[in-house]
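Novice: Hey, dropping upload.cif in here, mmCIF, C-alpha atoms and all ligand atoms:
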data_data
#
loop_
_atom_site.group_PDB
_atom_site.id
_atom_site.type_symbol
_atom_site.label_atom_id
_atom_site.label_comp_id
_atom_site.auth_asym_id
_atom_site.auth_seq_id
_atom_site.Cartn_x
_atom_site.Cartn_y
_atom_site.Cartn_z
ATOM 1 C CA MET A 25 32.621 125.859 131.732
ATOM 2 C CA LYS A 26 33.446 129.233 130.239
ATOM 3 C CA ASN A 27 37.064 130.296 130.658
ATOM 4 C CA GLU A 28 38.126 126.849 131.704
ATOM 5 C CA ILE A 29 40.681 124.707 129.955
ATOM 6 C CA CYS A 30 40.519 120.963 130.565
ATOM 7 C CA ALA A 31 43.317 119.911 128.219
ATOM 8 C CA VAL A 32 46.087 121.303 126.048
ATOM 9 C CA LEU A 33 46.920 119.332 122.890
ATOM 10 C CA PHE A 34 50.506 119.792 121.713
ATOM 11 C CA ASP A 35 51.890 119.204 118.253
ATOM 12 C CA VAL A 36 55.484 117.876 118.381
ATOM 13 C CA ASP A 37 57.794 118.716 115.474
ATOM 14 C CA GLY A 38 58.522 122.424 115.372
ATOM 15 C CA THR A 39 56.257 123.048 118.390
ATOM 16 C CA LEU A 40 57.818 121.196 121.323
ATOM 17 C CA ALA A 41 61.250 121.320 119.691
ATOM 18 C CA ASP A 42 62.904 122.428 116.472
ATOM 19 C CA THR A 43 63.339 118.888 115.225
ATOM 20 C CA GLU A 44 63.104 119.294 111.480
ATOM 21 C CA ARG A 45 66.200 120.928 109.931
ATOM 22 C CA ASP A 46 68.834 119.485 112.278
ATOM 23 C CA GLY A 47 66.949 116.355 113.314
ATOM 24 C CA HIS A 48 64.543 114.635 110.917
ATOM 25 C CA ARG A 49 66.399 115.988 107.855
ATOM 26 C CA LEU A 50 69.746 114.565 108.996
ATOM 27 C CA ALA A 51 68.107 111.239 109.859
ATOM 28 C CA PHE A 52 66.520 111.014 106.384
ATOM 29 C CA ASN A 53 69.914 111.715 104.777
ATOM 30 C CA ALA A 54 71.655 109.117 106.970
ATOM 31 C CA ALA A 55 69.045 106.525 105.954
ATOM 32 C CA PHE A 56 69.473 107.421 102.275
ATOM 33 C CA ALA A 57 73.240 106.912 102.605
ATOM 34 C CA GLU A 58 72.734 103.559 104.355
ATOM 35 C CA PHE A 59 70.495 102.466 101.479
ATOM 36 C CA GLY A 60 73.130 103.551 98.944
ATOM 37 C CA LEU A 61 70.936 106.355 97.567
ATOM 38 C CA ALA A 62 72.561 109.513 96.219
ATOM 39 C CA TRP A 63 69.750 111.658 97.612
ATOM 40 C CA ASP A 64 70.658 114.592 99.823
ATOM 41 C CA TRP A 65 67.942 116.796 101.286
ATOM 42 C CA ASP A 66 69.540 120.186 101.954
ATOM 43 C CA ALA A 67 67.865 122.649 104.309
ATOM 44 C CA GLU A 68 66.131 124.508 101.476
ATOM 45 C CA LEU A 69 64.774 121.448 99.692
ATOM 46 C CA TYR A 70 63.631 120.065 103.053
ATOM 47 C CA GLY A 71 61.612 123.242 103.651
ATOM 48 C CA GLU A 72 59.757 122.566 100.409
ATOM 49 C CA LEU A 73 59.243 118.868 101.241
ATOM 50 C CA LEU A 74 57.867 119.750 104.684
ATOM 51 C CA THR A 75 54.561 120.750 103.118
ATOM 52 C CA ILE A 76 53.993 116.980 102.860
ATOM 53 C CA THR A 77 53.417 115.656 106.375
ATOM 54 C CA GLY A 78 54.572 112.181 107.386
ATOM 55 C CA GLY A 79 58.010 110.752 106.639
ATOM 56 C CA LYS A 80 56.858 107.919 104.369
ATOM 57 C CA GLU A 81 54.579 110.293 102.483
ATOM 58 C CA ARG A 82 57.474 112.807 102.202
ATOM 59 C CA ILE A 83 59.818 110.152 100.752
ATOM 60 C CA ARG A 84 57.212 109.104 98.182
ATOM 61 C CA HIS A 85 56.515 112.717 97.232
ATOM 62 C CA HIS A 86 60.263 113.307 96.750
ATOM 63 C CA MET A 87 60.463 110.268 94.473
ATOM 64 C CA GLU A 88 57.443 111.372 92.417
ATOM 65 C CA LYS A 89 58.856 114.839 91.947
ATOM 66 C CA TYR A 90 62.621 114.313 91.655
ATOM 67 C CA VAL A 91 63.439 110.644 90.935
ATOM 68 C CA PRO A 92 60.315 109.173 89.285
ATOM 69 C CA ASN A 93 62.306 106.250 87.790
ATOM 70 C CA GLU A 94 62.804 104.934 91.330
ATOM 71 C CA LEU A 95 59.036 104.434 91.628
ATOM 72 C CA ARG A 96 59.396 101.357 89.408
ATOM 73 C CA ARG A 97 61.022 99.361 92.238
ATOM 74 C CA SER A 98 59.146 96.166 93.026
ATOM 75 C CA GLY A 99 57.637 96.126 96.503
ATOM 76 C CA LEU A 100 57.755 99.922 96.638
ATOM 77 C CA ASP A 101 55.540 100.317 99.723
ATOM 78 C CA ASP A 102 57.650 97.888 101.766
ATOM 79 C CA TRP A 103 60.871 99.463 100.538
ATOM 80 C CA ILE A 104 59.674 102.933 101.601
ATOM 81 C CA ALA A 105 58.562 101.516 104.953
ATOM 82 C CA ASP A 106 62.034 99.956 105.489
ATOM 83 C CA LEU A 107 63.808 103.139 104.493
ATOM 84 C CA HIS A 108 61.586 105.071 106.876
ATOM 85 C CA LYS A 109 62.242 102.607 109.714
ATOM 86 C CA THR A 110 65.958 103.171 109.200
ATOM 87 C CA LYS A 111 65.368 106.927 109.296
ATOM 88 C CA THR A 112 63.464 106.552 112.577
ATOM 89 C CA ARG A 113 66.402 104.582 114.044
ATOM 90 C CA TYR A 114 68.794 107.435 113.189
ATOM 91 C CA PHE A 115 66.376 110.072 114.511
ATOM 92 C CA VAL A 116 65.800 108.301 117.822
ATOM 93 C CA ALA A 117 69.577 107.868 118.261
ATOM 94 C CA LEU A 118 70.062 111.587 117.664
ATOM 95 C CA LEU A 119 67.438 112.413 120.295
ATOM 96 C CA GLU A 120 68.969 109.950 122.748
ATOM 97 C CA ARG A 121 72.273 111.797 122.382
ATOM 98 C CA GLY A 122 70.370 114.881 123.649
ATOM 99 C CA GLU A 123 70.990 116.860 120.469
ATOM 100 C CA ILE A 124 67.580 118.551 120.323
ATOM 101 C CA PRO A 125 66.386 120.800 123.190
ATOM 102 C CA LEU A 126 62.807 121.902 123.840
ATOM 103 C CA ARG A 127 61.768 125.325 122.546
ATOM 104 C CA PRO A 128 61.515 128.262 124.996
ATOM 105 C CA GLY A 129 58.610 128.012 127.433
ATOM 106 C CA VAL A 130 57.657 124.419 126.604
ATOM 107 C CA ALA A 131 58.963 122.720 129.772
ATOM 108 C CA ARG A 132 57.686 125.574 131.969
ATOM 109 C CA LEU A 133 54.177 125.415 130.484
ATOM 110 C CA ILE A 134 53.999 121.610 130.698
ATOM 111 C CA HIS A 135 55.025 121.689 134.379
ATOM 112 C CA GLN A 136 52.522 124.461 135.122
ATOM 113 C CA LEU A 137 49.649 122.648 133.381
ATOM 114 C CA ARG A 138 50.391 119.508 135.382
ATOM 115 C CA GLU A 139 50.401 121.460 138.646
ATOM 116 C CA ALA A 140 47.075 123.046 137.655
ATOM 117 C CA LYS A 141 45.663 119.550 136.930
ATOM 118 C CA ILE A 142 45.025 120.463 133.311
ATOM 119 C CA LYS A 143 45.445 117.453 131.058
ATOM 120 C CA ILE A 144 48.164 117.428 128.445
ATOM 121 C CA ALA A 145 48.111 115.410 125.229
ATOM 122 C CA ILE A 146 50.071 114.969 122.013
ATOM 123 C CA ALA A 147 48.572 115.163 118.509
ATOM 124 C CA THR A 148 51.270 114.595 115.918
ATOM 125 C CA THR A 149 52.010 113.175 112.516
ATOM 126 C CA THR A 150 55.421 111.887 113.536
ATOM 127 C CA SER A 151 56.084 108.281 114.581
ATOM 128 C CA PRO A 152 55.276 107.291 118.207
ATOM 129 C CA GLU A 153 58.860 106.214 119.014
ATOM 130 C CA ASN A 154 60.068 109.712 118.059
ATOM 131 C CA VAL A 155 57.656 111.303 120.549
ATOM 132 C CA THR A 156 58.710 109.028 123.392
ATOM 133 C CA ALA A 157 62.400 109.573 122.672
ATOM 134 C CA LEU A 158 62.011 113.359 122.520
ATOM 135 C CA LEU A 159 60.032 113.518 125.769
ATOM 136 C CA LYS A 160 62.426 111.207 127.623
ATOM 137 C CA SER A 161 65.550 113.012 126.432
ATOM 138 C CA THR A 162 64.222 116.457 127.392
ATOM 139 C CA LEU A 163 61.756 116.010 130.284
ATOM 140 C CA GLY A 164 62.923 112.751 131.815
ATOM 141 C CA GLU A 165 62.359 109.020 131.591
ATOM 142 C CA LYS A 166 58.856 109.103 133.106
ATOM 143 C CA SER A 167 57.554 112.115 131.203
ATOM 144 C CA PRO A 168 55.604 110.175 128.505
ATOM 145 C CA ASP A 169 53.291 109.062 131.353
ATOM 146 C CA TRP A 170 52.421 112.689 132.097
ATOM 147 C CA PHE A 171 50.419 112.817 128.870
ATOM 148 C CA SER A 172 46.835 111.570 129.088
ATOM 149 C CA VAL A 173 46.881 110.680 125.394
ATOM 150 C CA ILE A 174 49.666 110.412 122.830
ATOM 151 C CA GLY A 175 48.234 110.377 119.319
ATOM 152 C CA ALA A 176 50.981 109.808 116.750
ATOM 153 C CA GLY A 177 51.846 108.518 113.286
ATOM 154 C CA ASP A 178 49.734 105.993 111.413
ATOM 155 C CA ILE A 179 47.139 105.567 114.179
ATOM 156 C CA VAL A 180 44.671 107.488 111.990
ATOM 157 C CA PRO A 181 44.305 107.249 108.199
ATOM 158 C CA GLY A 182 44.642 110.938 107.360
ATOM 159 C CA LYS A 183 47.703 112.943 108.403
ATOM 160 C CA LYS A 184 47.591 116.719 108.943
ATOM 161 C CA PRO A 185 46.110 118.897 107.457
ATOM 162 C CA ALA A 186 43.353 116.290 107.950
ATOM 163 C CA SER A 187 41.734 116.711 111.360
ATOM 164 C CA ASP A 188 41.861 112.933 112.089
ATOM 165 C CA ILE A 189 44.589 112.971 114.745
ATOM 166 C CA TYR A 190 42.991 115.832 116.700
ATOM 167 C CA LEU A 191 39.552 114.188 116.577
ATOM 168 C CA TRP A 192 41.109 110.893 117.727
ATOM 169 C CA VAL A 193 42.891 112.551 120.661
ATOM 170 C CA LEU A 194 39.740 114.451 121.703
ATOM 171 C CA ASP A 195 37.781 111.211 121.573
ATOM 172 C CA GLN A 196 40.400 109.425 123.721
ATOM 173 C CA LEU A 197 40.353 112.322 126.185
ATOM 174 C CA GLY A 198 36.554 112.226 126.280
ATOM 175 C CA LEU A 199 36.493 116.012 125.940
ATOM 176 C CA SER A 200 34.866 118.359 123.491
ATOM 177 C CA ALA A 201 37.033 120.792 121.545
ATOM 178 C CA GLN A 202 35.564 123.847 123.240
ATOM 179 C CA HIS A 203 37.216 122.855 126.544
ATOM 180 C CA CYS A 204 40.622 122.327 124.960
ATOM 181 C CA ILE A 205 43.256 124.311 123.139
ATOM 182 C CA ALA A 206 45.884 123.256 120.610
ATOM 183 C CA VAL A 207 49.473 124.447 120.245
ATOM 184 C CA GLU A 208 50.839 124.189 116.705
ATOM 185 C CA ASN A 209 53.627 125.583 114.555
ATOM 186 C CA SER A 210 52.568 125.133 110.935
ATOM 187 C CA GLU A 211 49.753 125.978 108.558
ATOM 188 C CA ASN A 212 49.004 122.266 108.003
ATOM 189 C CA GLY A 213 48.801 121.763 111.768
ATOM 190 C CA LEU A 214 46.610 124.824 112.248
ATOM 191 C CA ILE A 215 44.203 123.659 109.523
ATOM 192 C CA ALA A 216 43.950 120.250 111.222
ATOM 193 C CA ALA A 217 43.323 121.715 114.680
ATOM 194 C CA LEU A 218 40.769 124.275 113.469
ATOM 195 C CA ALA A 219 38.906 121.598 111.510
ATOM 196 C CA ALA A 220 38.612 119.654 114.775
ATOM 197 C CA GLY A 221 37.048 122.755 116.355
ATOM 198 C CA LEU A 222 40.076 123.644 118.490
ATOM 199 C CA ASN A 223 41.124 127.141 119.388
ATOM 200 C CA THR A 224 44.811 127.209 118.443
ATOM 201 C CA VAL A 225 47.951 129.060 119.486
ATOM 202 C CA VAL A 226 50.714 129.014 116.864
ATOM 203 C CA THR A 227 54.407 129.378 117.680
ATOM 204 C CA VAL A 228 56.334 129.894 114.451
ATOM 205 C CA ASN A 229 59.819 128.788 113.429
ATOM 206 C CA ASP A 230 62.085 129.552 110.471
ATOM 207 C CA TYR A 231 60.318 127.074 108.202
ATOM 208 C CA THR A 232 56.778 128.239 109.024
ATOM 209 C CA ARG A 233 57.032 131.994 109.786
ATOM 210 C CA GLN A 234 55.701 133.039 106.329
ATOM 211 C CA GLN A 235 52.746 130.629 106.299
ATOM 212 C CA ASN A 236 49.084 131.606 106.535
ATOM 213 C CA PHE A 237 47.840 131.453 110.112
ATOM 214 C CA SER A 238 44.441 133.055 109.704
ATOM 215 C CA GLY A 239 42.027 131.565 112.195
ATOM 216 C CA ALA A 240 44.664 131.148 114.926
ATOM 217 C CA ALA A 241 43.788 132.597 118.346
ATOM 218 C CA LEU A 242 47.329 133.904 118.622
ATOM 219 C CA VAL A 243 50.533 133.717 116.586
ATOM 220 C CA LEU A 244 53.713 134.014 118.662
ATOM 221 C CA SER A 245 57.468 133.742 118.179
ATOM 222 C CA ASN A 246 57.490 131.051 120.893
ATOM 223 C CA LEU A 247 55.744 130.275 124.200
ATOM 224 C CA GLY A 248 58.018 132.728 126.025
ATOM 225 C CA GLU A 249 59.719 132.692 129.387
ATOM 226 C CA PRO A 250 59.754 135.349 132.122
ATOM 227 C CA THR A 251 63.379 135.981 131.120
ATOM 228 C CA GLN A 252 62.679 135.665 127.388
ATOM 229 C CA PRO A 253 59.253 137.131 126.508
ATOM 230 C CA PHE A 254 57.546 136.104 123.275
ATOM 231 C CA THR A 255 56.913 138.427 120.338
ATOM 232 C CA VAL A 256 53.283 138.688 119.218
ATOM 233 C CA LEU A 257 52.903 138.221 115.444
ATOM 234 C CA ALA A 258 49.073 138.236 115.370
ATOM 235 C CA GLY A 259 46.200 138.313 117.874
ATOM 236 C CA ASN A 260 45.697 139.765 121.343
ATOM 237 C CA ALA A 261 48.090 138.441 123.975
ATOM 238 C CA GLN A 262 46.220 140.283 126.757
ATOM 239 C CA GLY A 263 49.401 142.166 127.643
ATOM 240 C CA ARG A 264 51.122 138.961 128.702
ATOM 241 C CA LYS A 265 54.721 138.075 127.936
ATOM 242 C CA TRP A 266 54.687 134.298 128.200
ATOM 243 C CA VAL A 267 52.009 131.636 127.753
ATOM 244 C CA ASP A 268 50.577 130.117 130.913
ATOM 245 C CA ALA A 269 47.387 128.307 131.939
ATOM 246 C CA GLU A 270 45.524 131.534 132.804
ATOM 247 C CA MET A 271 46.345 133.037 129.457
ATOM 248 C CA LEU A 272 45.139 129.943 127.580
ATOM 249 C CA ALA A 273 41.881 129.981 129.576
ATOM 250 C CA GLY A 274 41.455 133.650 128.612
ATOM 251 C CA LEU A 275 41.815 132.759 124.946
ATOM 252 C CA ASN A 276 39.001 130.214 125.260
ATOM 253 C CA GLY A 277 36.727 132.648 127.103
HETATM 254 C C1 LIG B 301 55.759 116.614 111.486
HETATM 255 C C2 LIG B 301 55.893 115.724 110.354
HETATM 256 C C3 LIG B 301 56.621 114.481 110.489
HETATM 257 C C4 LIG B 301 58.120 114.608 110.661
HETATM 258 C C5 LIG B 301 58.760 113.308 110.319
HETATM 259 O O1 LIG B 301 54.645 116.213 112.218
HETATM 260 O O2 LIG B 301 55.376 115.997 109.298
HETATM 261 O O3 LIG B 301 56.394 113.781 109.301
HETATM 262 O O4 LIG B 301 58.643 115.601 109.818
HETATM 263 O O5 LIG B 301 58.315 112.291 111.134
HETATM 264 P P1 LIG B 301 53.956 117.123 113.388
HETATM 265 P P2 LIG B 301 58.106 110.803 110.589
HETATM 266 O O6 LIG B 301 54.224 118.578 113.086
HETATM 267 O O7 LIG B 301 52.492 116.768 113.267
HETATM 268 O O8 LIG B 301 54.531 116.682 114.699
HETATM 269 O O9 LIG B 301 59.245 110.527 109.655
HETATM 270 O O10 LIG B 301 58.137 109.914 111.820
HETATM 271 O O11 LIG B 301 56.777 110.763 109.862
#
Just give me the structure of the file as structure tokens.

Specialist:
Amino acid sequence: MKNEICAVLFDVDGTLADTERDGHRLAFNAAFAEFGLAWDWDAELYGELLTITGGKERIRHHMEKYVPNELRRSGLDDWIADLHKTKTRYFVALLERGEIPLRPGVARLIHQLREAKIKIAIATTTSPENVTALLKSTLGEKSPDWFSVIGAGDIVPGKKPASDIYLWVLDQLGLSAQHCIAVENSENGLIAALAAGLNTVVTVNDYTRQQNFSGAALVLSNLGEPTQPFTVLAGNAQGRKWVDAEMLAGLNG
């Protein structure tokens, strides 16, 4: 099956949409305020905290590093889980207000893959309700059903850079990595996808542009549109200006 792609596995945050700085970050801060906490994650601090994947894990890491006294709370795990649930409520509400658009080329590529009968799947660290809300608010109410598999959140024990979520999605798809390709935006995501044996295209954003993407098939500014071509940051884009199914198949050749 050389040069054939059976499925494309998409990361979510930073890949489908720029959700972090003006989405997740604001939702975390709103939850902190609701809980009466004087914590405020500004855009710079959030960039540093992003190296820890998973919202609950990020909250705990912040406490360990900046407010260690708070770790003495009784029922800490449940308290973090409640705080995180509140954060998810704020984030979903923000998505439902349509405040976060898809990145360039994402909707076009998803529609083209569907027409070409290439499966699409999600492999993300973020919570499942966030994925559904983002897809519905940008691609329509029925769009979650377009995805053969949605792998999200705590469904696997190890979050990225562990390969767990990619291996789980491949298993659910019943496909081997060599017939699939991943689309990621961060070094942690790339490490996870490569460890699962997936050829990976990276589209960078402001938080991830300086990270190490060695091993990626291609590093691009974004997926590109005919009216808004991508910029190639590393790899051979075969002279193309936007990512489409043929180009992805060429990368797997
Ligand atoms: C990105 C993440 C997530 C989000 C927050 O995951 O690390 O933790 O920042 O989401 P990915 P939650 O790039 O794999 O999509 O608070 O729901 O964990």

Novice: Would you kindly translate the PyMOL selection byres (((not hetatm)) within 7 of (chain B and resi 301)) into the concrete residues it picks from this file, as an MDAnalysis selection string?

Specialist: chainID A and resid 35:38 44 48 74 76:80 108 112 147:151 154 177 184 213

Novice: From the set A:Ile104, A:Ala219, A:Leu163, A:Leu40, which residue has the shortest atom-to-atom contact distance to Ile189 in chain A, counting only C-alpha atoms?

Specialist: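 Once distances to Ile189 in chain A are computed over only C-alpha atoms, the minimum belongs to A:Ala219.
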
Novice: Run the PyMOL selection byres (((chain A and resi 81-83) around 12) and not hetatm) against the file shown and list the residues it catches, as a ChimeraX atom specification.

Specialist: /A:48-49,52-53,55-56,63-65,69-80,84-92,94-95,100-101,103-109,111,149-150,177-178,182-184

Novice: Going by the chain IDs and residue numbers used in this file, which residues fall under the PyMOL selection byres (((chain A and resi 207) around 8) and not hetatm)? Write them as a JSON list (two decimals) with C-alpha atoms, in the coordinates of the input.

Specialist:
[["chain", "number", "residue", "atom", "x", "y", "z"],
["A", 32, "VAL", "CA", 46.09, 121.30, 126.05],
["A", 33, "LEU", "CA", 46.92, 119.33, 122.89],
["A", 34, "PHE", "CA", 50.51, 119.79, 121.71],
["A", 35, "ASP", "CA", 51.89, 119.20, 118.25],
["A", 39, "THR", "CA", 56.26, 123.05, 118.39],
["A", 205, "ILE", "CA", 43.26, 124.31, 123.14],
["A", 206, "ALA", "CA", 45.88, 123.26, 120.61],
["A", 208, "GLU", "CA", 50.84, 124.19, 116.70],
["A", 209, "ASN", "CA", 53.63, 125.58, 114.56],
["A", 224, "THR", "CA", 44.81, 127.21, 118.44],
["A", 225, "VAL", "CA", 47.95, 129.06, 119.49],
["A", 226, "VAL", "CA", 50.71, 129.01, 116.86],
["A", 227, "THR", "CA", 54.41, 129.38, 117.68]]

Novice: Have a look at A:Ser210, A:Ser187, A:Thr255, A:Asn246 and name the one nearest to Gln234 in chain A; count all atoms listed in the file.

Specialist: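 Nearest candidate to Gln234 in chain A out of A:Ser210, A:Ser187, A:Thr255, A:Asn246: A:Ser210.
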
Novice: Please produce, as a tab-separated table, a per-residue contact table for range 151-176 of chain A versus range 117-140 of chain A (criterion: any atom at most 8 Å away, all atoms listed in the file considered), showing the nearest atom pair and its distance in Å to one decimal, sorted by chain then residue number.

Specialist:
residue	atom	partner	partner_atom	distance
A:Ala157	CA	A:Leu119	CA	6.3
A:Leu158	CA	A:Leu119	CA	5.9
A:Ser161	CA	A:Gly122	CA	5.9
A:Thr162	CA	A:Pro125	CA	6.4
A:Leu163	CA	A:Ala131	CA	7.3
A:Trp170	CA	A:Arg138	CA	7.8

Novice: In Å, with one decimal, what is the gap from CA of Tyr190 in chain A to CA of Gly164 in chain A?

Specialist: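 Separating CA of Tyr190 in chain A from CA of Gly164 in chain A is a distance of 25.2 Å.
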
Novice: Between CA of Leu218 in chain A and CA of Leu244 in chain A, what is the spacing in Å?

Specialist: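 Computing the Euclidean distance for CA of Leu244 in chain A and CA of Leu218 in chain A yields 17.0 Å.
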
Novice: Interatomic distance between CA of His203 in chain A and CA of Glu28 in chain A?

Specialist: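 CA of Glu28 in chain A lies at a distance of 6.6 Å from CA of His203 in chain A.
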
Novice: Identify which of the residues A:Val116, A:Ser172, A:Leu194, A:Gly60 lies closest to Lys160 in chain A, counting all atoms listed in the file when measuring atom-to-atom distances.

Specialist: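 For Lys160 in chain A, the nearest of the candidates is A:Val116.
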
Novice: Under the rule that only C-alpha atoms are counted, which of A:Ile29, A:Ala41, A:Ala216, A:Val267 is the nearest residue to Val155 in chain A?

Specialist: A:Ala41

Novice: Nearest to Phe254 in chain A: which of A:Trp266, A:Phe59, A:Phe171, A:Phe115 is it, counting all atoms listed in the file?

Specialist: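 Result for the nearest residue to Phe254 in chain A: A:Trp266.
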
Novice: Looking at all atoms listed in the file, which of A:Leu159, A:Val193, A:Ala269, A:Leu214 is the one that sits closest to Ile174 in chain A?

Specialist: A:Val193

Novice: Please write out, as lines of an AutoDock Vina configuration file, where the centre of an axis-aligned box around all listed atoms of range 236-254 of chain A lies and how long its edges are, in Å to one decimal, after adding 4 Å on each side.

Specialist:
center_x = 52.7
center_y = 133.7
center_z = 119.3
size_x = 29.4
size_y = 14.9
size_z = 33.6

Novice: As a ChimeraX atom specification, please: the residues near Asn236 in chain A (cut-off 10 Å, all atoms listed in the file, same-chain neighbours under 2 positions excluded).

Specialist: /A:210-212,214-215,232-234,238-240
